[in-house]
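Student: I am attaching a structure below and will ask some questions about it afterwards.
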Amino acid sequence: MERGKLTWLPLNVAVFILTHDEINTSGRCCGFIDESSSVVLRYRTPHFRASARVLVPPVTAKETWTVGWIQACNHMEFYNKYGTKGMKHLNYFYTFQLCGAVLLIERSSWELPDLRDGKIQAISDSDGVNYPWYGNTTETCTIVGPTKKDTKFMVSMNDNFYPSVTWGVPVSDSNLPLLSSIRRDQSFTTWLVAINQATTETLVLQTIRWRMQLHIEVDPDKPLGQRATLREPVAQEQPHVLSKNDLIPTNAMVKPNANDAQVLMWRPKTGEPIVVIPPKY
C-alpha cells in the first residue's frame with residue numbers, strides 16, 4: 001500500500017480460528033460448556049486469532065500513524081430456544097402457568113436492531129474505549145515520525161465469546177429449566193489499517209472475513225452437569241484473507257459498538273415481543 005513515498009507492507013498475515021481438538025461430543029473436557037451454575041449455562045467459543053508483521057520505511061514527515069486491527073460485525077443470529085426436547089418442530093410450543101397467565105414458550109434472541117433491519121451493513125466491534133480499534137494493547141502500534149530507518153512490528157488480536165444463557169425463561173421469575181437449544185451464526189470483517197492521527201487519513205492494508213457458528217442442544221430434564229451437548233460444528237470454517245481489500249463502512253469506525261447496541265428480546269409464539277435487556281447507549 002503506497003502513500004506518496006511511504007510504502008506500508010504487511011510482510012505476512014496469519015489468521016485462524018483455534019479449534020478445540022480436545023472437545024468430545026459433550027464439549028466438557030476442556031471447559032467449553034460450563035454447567036456449574038443452577039441459574040445460567042455458560043459456554044466458551046473457539047478463538048479467532050489474527051497477527052500481522054508490518055514493515056514501514058522511514059517516515060520523513062513529522063507525522064504520527066497508528067497501525068492495528070479494526071473489526072465489524074456484518075451478521076448476527078443468536079437464538080436461545082425454550083421448550084421440551086429442543087422444540088424440534090417450529091409449530092410446536094410449550095405452555096406453562098405463570099402468575100395465573102399462560103405463556104407460550106418460543107425463544108429469546110440477542111439482536112442488533114439496525115443491522116437486523118438492514119439500516120446498516122456493519123457495526124463496530126471495538127472494545128468500546130479505543131474507537132475505532134478492536135483493542136489497544138497487542139492490537140495496535142504507533143509510529144511517530146520522522147524516523148530514519150525501517151520500522152518493523154507485529155500487531156495481533158484474539159476474539160472469542162463467553163456468554164451466559166438462563167436455564168429458565170428470561171421473562172419469568174421462575175428458574176425452572178426449560179432451555180432446550182442454543183444457536184449462533186455470526187459473520188465479521190477484520191481490517192489491518194493505518195490511520196494518520198492528525199489528518200485521519202486511513203489506509204487499508206489487509207481485509208479478513210470470518211464466521212462463527214454454533215449449535216448446543218440442551219435436555220432440561222437431565223440433572224445439572226449433564227444437560228448440554230455440542231452438536232455442530234466441532235471445527236469452524238477458517239477465515240478468508242481477501243486478495244482485494246474491502247472499504248471500511250462508517251459504522252465500523254464509530255459508536256456504538258456491537259456490545260452496547262445489542263438487545264435481548266423475548267419472542268413468544270403469539271403476542272408482542274418483549275425487550276428483556278435494552279441497549280446500553
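How things are named: the first chain in the C-alpha cells is A, the next is B, and so on; residues count from 1 in each chain; ligands count from 1 in the order shown.
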Run DSSP on the backbone and give me the residues of range 39-247 of chain A it puts in helix (DSSP H, G or I), as a PDB file with N, CA, C and O atoms, in the first residue's frame.
Tutor:
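Here's the written file selection.pdb:
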ATOM      1  N   THR A  84     -39.781 -28.197  25.391  1.00  0.00           N
ATOM      2  CA  THR A  84     -39.434 -29.583  25.664  1.00  0.00           C
ATOM      3  C   THR A  84     -38.677 -30.193  24.504  1.00  0.00           C
ATOM      4  O   THR A  84     -39.024 -30.005  23.344  1.00  0.00           O
ATOM      5  N   LYS A  85     -37.609 -30.912  24.823  1.00  0.00           N
ATOM      6  CA  LYS A  85     -36.835 -31.687  23.856  1.00  0.00           C
ATOM      7  C   LYS A  85     -36.409 -30.872  22.645  1.00  0.00           C
ATOM      8  O   LYS A  85     -36.444 -31.328  21.515  1.00  0.00           O
ATOM      9  N   GLY A  86     -36.013 -29.632  22.896  1.00  0.00           N
ATOM     10  CA  GLY A  86     -35.436 -28.828  21.828  1.00  0.00           C
ATOM     11  C   GLY A  86     -36.437 -28.238  20.855  1.00  0.00           C
ATOM     12  O   GLY A  86     -36.054 -27.621  19.880  1.00  0.00           O
ATOM     13  N   PRO A 113     -30.515  -4.275  16.340  1.00  0.00           N
ATOM     14  CA  PRO A 113     -31.691  -3.811  15.597  1.00  0.00           C
ATOM     15  C   PRO A 113     -31.380  -3.164  14.247  1.00  0.00           C
ATOM     16  O   PRO A 113     -32.026  -3.485  13.243  1.00  0.00           O
ATOM     17  N   ASP A 114     -30.423  -2.241  14.196  1.00  0.00           N
ATOM     18  CA  ASP A 114     -30.135  -1.561  12.927  1.00  0.00           C
ATOM     19  C   ASP A 114     -29.560  -2.527  11.893  1.00  0.00           C
ATOM     20  O   ASP A 114     -29.855  -2.415  10.696  1.00  0.00           O
ATOM     21  N   LEU A 115     -28.757  -3.476  12.344  1.00  0.00           N
ATOM     22  CA  LEU A 115     -28.204  -4.478  11.436  1.00  0.00           C
ATOM     23  C   LEU A 115     -29.301  -5.446  10.999  1.00  0.00           C
ATOM     24  O   LEU A 115     -29.410  -5.791   9.820  1.00  0.00           O
ATOM     25  N   ARG A 116     -30.122  -5.850  11.935  1.00  0.00           N
ATOM     26  CA  ARG A 116     -31.241  -6.763  11.648  1.00  0.00           C
ATOM     27  C   ARG A 116     -32.202  -6.171  10.629  1.00  0.00           C
ATOM     28  O   ARG A 116     -32.685  -6.868   9.728  1.00  0.00           O
TER      29      ARG A 116
END
Student: Which residues come within 9 Å of Asn136 in chain A, counting only C-alpha atoms, excluding same-chain residues fewer than 5 positions away, as a list in words?
Tutor: Gly68, Asp127, Val129, Asn130 and Cys141 of chain A
Student: For range 157-172 of chain A, list every protein, DNA or RNA residue within 7 Å, evaluated using only C-alpha atoms, and leave out those in the same chain fewer than 5 positions away; present the list as a PyMOL selection string.
Tutor: chain A and resi 39-51+82+138-139+177-179+276
Student: So that I can see what lies close to range 54-66 of chain A, please list as a ChimeraX atom specification the residues with an atom at most 6 Å from it, counting only C-alpha atoms and leaving out residues fewer than 3 positions away in the same chain.
Tutor: /A:8-11,141-153,194-197
Student: Could you save those same residues with C-alpha atoms as a PDB file, in the first residue's frame?
Tutor:
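Just written: part-v3.pdb:
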ATOM      1  CA  TRP A   8       3.181   0.180   4.037  1.00  0.00           C
ATOM      2  CA  LEU A   9       3.924  -3.506   3.596  1.00  0.00           C
ATOM      3  CA  PRO A  10       2.268  -6.335   5.534  1.00  0.00           C
ATOM      4  CA  LEU A  11       5.134  -8.853   5.464  1.00  0.00           C
ATOM      5  CA  CYS A 141       1.278   0.039  17.198  1.00  0.00           C
ATOM      6  CA  THR A 142       2.018   3.778  16.925  1.00  0.00           C
ATOM      7  CA  ILE A 143       4.827   5.228  14.785  1.00  0.00           C
ATOM      8  CA  VAL A 144       5.962   8.792  15.487  1.00  0.00           C
ATOM      9  CA  GLY A 145       7.818  10.459  12.624  1.00  0.00           C
ATOM     10  CA  PRO A 146      10.231  11.465  11.452  1.00  0.00           C
ATOM     11  CA  THR A 147      12.067   8.128  11.551  1.00  0.00           C
ATOM     12  CA  LYS A 148      15.453   7.420   9.944  1.00  0.00           C
ATOM     13  CA  LYS A 149      15.121   3.693   9.265  1.00  0.00           C
ATOM     14  CA  ASP A 150      12.599   0.973   8.560  1.00  0.00           C
ATOM     15  CA  THR A 151      10.173   0.123  11.329  1.00  0.00           C
ATOM     16  CA  LYS A 152       9.099  -3.486  11.786  1.00  0.00           C
ATOM     17  CA  PHE A 153       6.487  -4.602  14.277  1.00  0.00           C
ATOM     18  CA  ALA A 194      -3.015   2.537   9.218  1.00  0.00           C
ATOM     19  CA  ILE A 195      -4.500   5.868  10.373  1.00  0.00           C
ATOM     20  CA  ASN A 196      -2.807   9.278  10.406  1.00  0.00           C
ATOM     21  CA  GLN A 197      -3.608  10.740  13.832  1.00  0.00           C
TER      22      GLN A 197
END
Student: What are the DSSP strand (DSSP E or B) residues of range 30-254 of chain A, as a PyMOL selection string?
Tutor: chain A and resi 33-34+40-43+48-56+64-82+94-98+101-105+107-111+123-124+140-144+151-159+164-166+179-196+202-218+228-232+240-241
Student: What's the 10 Å shell around Trp266 in chain A, counting only C-alpha atoms, without same-chain residues fewer than 3 positions away, as a ChimeraX atom specification?
Tutor: /A:79-80,105-110,169-171,263,269,272-277
Student: Which of these, A:Ala198, A:Ile248, A:Ala235, A:Val67, has the shortest distance to Arg211 in chain A once you count only C-alpha atoms?
Tutor: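 Once distances to Arg211 in chain A are computed over only C-alpha atoms, the minimum belongs to A:Ala235.
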Student: Which residue gives the smallest distance to Asp219 in chain A among A:Glu111, A:Phe78, A:Ile182, A:Gly135, with only C-alpha atoms counted?
Tutor: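 Among the listed residues, A:Ile182 lies closest to Asp219 in chain A.
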Student: Which one is closest to Glu77 in chain A: A:Gln186, A:Gln238, A:Gln262, A:Thr250? Count only C-alpha atoms.
Tutor: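 The answer is A:Gln186, which sits nearest to Glu77 in chain A.
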Student: CA of Ile70 in chain A and CA of Pro256 in chain A are how many Å apart?
Tutor: 14.0 Å
Student: Fewer than 5 positions away in the same chain doesn't count, so skip those; otherwise give me all residues within 6 Å of Thr190 in chain A, counting only C-alpha atoms, as a VMD selection string.
Tutor: chain A and resid 70 to 71 207 to 208
Student: What's the 12 Å shell around Trp191 in chain A, counting only C-alpha atoms, without same-chain residues fewer than 4 positions away, as a compact mmCIF listing (two decimals) with N, CA and C atoms, in the first residue's frame?
Tutor:
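As written to disk, selection27.txt reads:
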# COMPACT_ATOMS: atom_id res chain seq x y z
N PRO A 10 2.47 -5.20 4.63
CA PRO A 10 2.27 -6.33 5.53
C PRO A 10 3.16 -7.49 5.09
N VAL A 13 0.54 -12.10 7.06
CA VAL A 13 -0.65 -12.04 7.90
C VAL A 13 -1.10 -13.47 8.17
N VAL A 15 -3.96 -15.80 10.06
CA VAL A 15 -5.28 -15.79 10.68
C VAL A 15 -5.79 -17.22 10.80
N ALA A 50 -5.66 -13.33 14.84
CA ALA A 50 -5.02 -12.74 13.67
C ALA A 50 -3.75 -12.04 14.11
N SER A 51 -2.70 -12.18 13.32
CA SER A 51 -1.45 -11.46 13.59
C SER A 51 -0.84 -11.03 12.27
N ALA A 52 -0.13 -9.91 12.30
CA ALA A 52 0.49 -9.38 11.09
C ALA A 52 1.83 -8.74 11.44
N VAL A 67 -1.18 1.86 13.56
CA VAL A 67 -1.48 0.69 12.73
C VAL A 67 -2.10 -0.37 13.63
N GLY A 68 -3.18 -0.99 13.18
CA GLY A 68 -3.79 -2.02 14.01
C GLY A 68 -5.02 -2.62 13.38
N TRP A 69 -5.77 -3.33 14.22
CA TRP A 69 -6.93 -4.10 13.77
C TRP A 69 -8.24 -3.37 14.09
N ILE A 70 -9.11 -3.31 13.09
CA ILE A 70 -10.47 -2.81 13.24
C ILE A 70 -11.41 -3.94 12.83
N GLN A 71 -12.46 -4.16 13.62
CA GLN A 71 -13.38 -5.25 13.31
C GLN A 71 -14.82 -4.77 13.36
N ALA A 72 -15.65 -5.36 12.49
CA ALA A 72 -17.08 -5.06 12.47
C ALA A 72 -17.86 -6.35 12.34
N CYS A 73 -19.05 -6.35 12.93
CA CYS A 73 -19.98 -7.47 12.79
C CYS A 73 -20.91 -7.18 11.61
N SER A 124 -19.56 -1.53 14.52
CA SER A 124 -18.25 -1.62 15.15
C SER A 124 -18.19 -2.73 16.19
N ASP A 125 -17.07 -3.44 16.21
CA ASP A 125 -16.81 -4.44 17.24
C ASP A 125 -15.62 -4.00 18.09
N SER A 126 -15.47 -2.68 18.23
CA SER A 126 -14.42 -2.11 19.07
C SER A 126 -14.60 -2.53 20.52
N PRO A 132 -11.43 3.63 16.68
CA PRO A 132 -12.19 2.51 16.11
C PRO A 132 -11.53 1.15 16.32
N TRP A 133 -10.46 1.10 17.12
CA TRP A 133 -9.64 -0.10 17.22
C TRP A 133 -10.33 -1.20 18.02
N TYR A 134 -10.01 -2.45 17.65
CA TYR A 134 -10.56 -3.59 18.38
C TYR A 134 -10.05 -3.59 19.82
N GLU A 139 -3.08 -5.07 19.86
CA GLU A 139 -3.84 -4.85 18.62
C GLU A 139 -3.34 -3.67 17.81
N THR A 140 -2.57 -2.75 18.40
CA THR A 140 -2.13 -1.55 17.69
C THR A 140 -0.66 -1.26 17.94
N VAL A 155 1.33 -6.76 15.07
CA VAL A 155 0.08 -6.47 15.76
C VAL A 155 -0.78 -7.74 15.72
N SER A 156 -1.45 -8.04 16.82
CA SER A 156 -2.24 -9.26 16.89
C SER A 156 -3.53 -9.01 17.65
N MET A 157 -4.51 -9.87 17.39
CA MET A 157 -5.79 -9.78 18.10
C MET A 157 -6.34 -11.17 18.34
N ILE A 195 -3.77 4.60 10.29
CA ILE A 195 -4.50 5.87 10.37
C ILE A 195 -3.55 6.99 10.80
N THR A 202 -6.80 7.27 6.17
CA THR A 202 -6.91 5.86 6.51
C THR A 202 -6.47 4.99 5.34
N LEU A 203 -5.54 4.07 5.61
CA LEU A 203 -5.05 3.14 4.61
C LEU A 203 -5.41 1.72 5.04
N VAL A 204 -6.14 1.00 4.20
CA VAL A 204 -6.48 -0.39 4.48
C VAL A 204 -5.38 -1.27 3.90
N LEU A 205 -4.71 -2.03 4.77
CA LEU A 205 -3.59 -2.87 4.36
C LEU A 205 -4.01 -4.31 4.08
N GLN A 206 -5.03 -4.80 4.78
CA GLN A 206 -5.47 -6.18 4.60
C GLN A 206 -6.91 -6.31 5.09
N THR A 207 -7.67 -7.21 4.46
CA THR A 207 -9.05 -7.46 4.86
C THR A 207 -9.26 -8.96 5.07
N ILE A 208 -9.93 -9.29 6.16
CA ILE A 208 -10.20 -10.69 6.51
C ILE A 208 -11.69 -10.84 6.79
N ARG A 209 -12.27 -11.91 6.33
CA ARG A 209 -13.65 -12.24 6.67
C ARG A 209 -13.67 -13.57 7.42
N TRP A 210 -14.50 -13.64 8.45
CA TRP A 210 -14.61 -14.89 9.18
C TRP A 210 -16.00 -15.06 9.76
N HIS A 240 -10.96 -16.06 5.77
CA HIS A 240 -10.52 -15.81 4.40
C HIS A 240 -9.79 -14.46 4.36
N VAL A 241 -8.55 -14.48 3.89
CA VAL A 241 -7.80 -13.24 3.64
C VAL A 241 -8.09 -12.83 2.21
N LEU A 242 -8.68 -11.65 2.02
CA LEU A 242 -9.12 -11.23 0.70
C LEU A 242 -7.95 -10.75 -0.15
N LYS A 244 -8.42 -8.60 -2.56
CA LYS A 244 -8.73 -7.19 -2.78
C LYS A 244 -9.43 -6.66 -1.54
N ASN A 245 -8.93 -5.55 -1.01
CA ASN A 245 -9.45 -5.03 0.25
C ASN A 245 -10.85 -4.45 0.12
N ASP A 246 -11.65 -4.66 1.16
CA ASP A 246 -12.95 -4.01 1.28
C ASP A 246 -12.78 -2.64 1.92
N LEU A 247 -13.63 -1.71 1.52
CA LEU A 247 -13.68 -0.43 2.21
C LEU A 247 -14.29 -0.62 3.59
N ILE A 248 -13.93 0.26 4.51
CA ILE A 248 -14.47 0.17 5.87
C ILE A 248 -15.73 1.02 5.95
N PRO A 249 -16.89 0.43 6.29
CA PRO A 249 -18.11 1.23 6.43
C PRO A 249 -17.97 2.22 7.58
N ALA A 252 -18.48 1.06 11.15
CA ALA A 252 -17.44 0.23 11.75
C ALA A 252 -16.40 1.06 12.48
N MET A 253 -16.45 2.39 12.30
CA MET A 253 -15.43 3.27 12.85
C MET A 253 -15.90 4.07 14.06
Student: What is the CA of Val218 in chain A to CA of Glu237 in chain A distance in Å?
Tutor: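 Computed distance, CA of Val218 in chain A to CA of Glu237 in chain A, equals 23.7 Å.
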Student: Kindly give the distance, in Å, that separates CA of Asp260 in chain A and CA of Tyr131 in chain A, rounded to a single decimal.
Tutor: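 CA of Asp260 in chain A sits 13.0 Å away from CA of Tyr131 in chain A.
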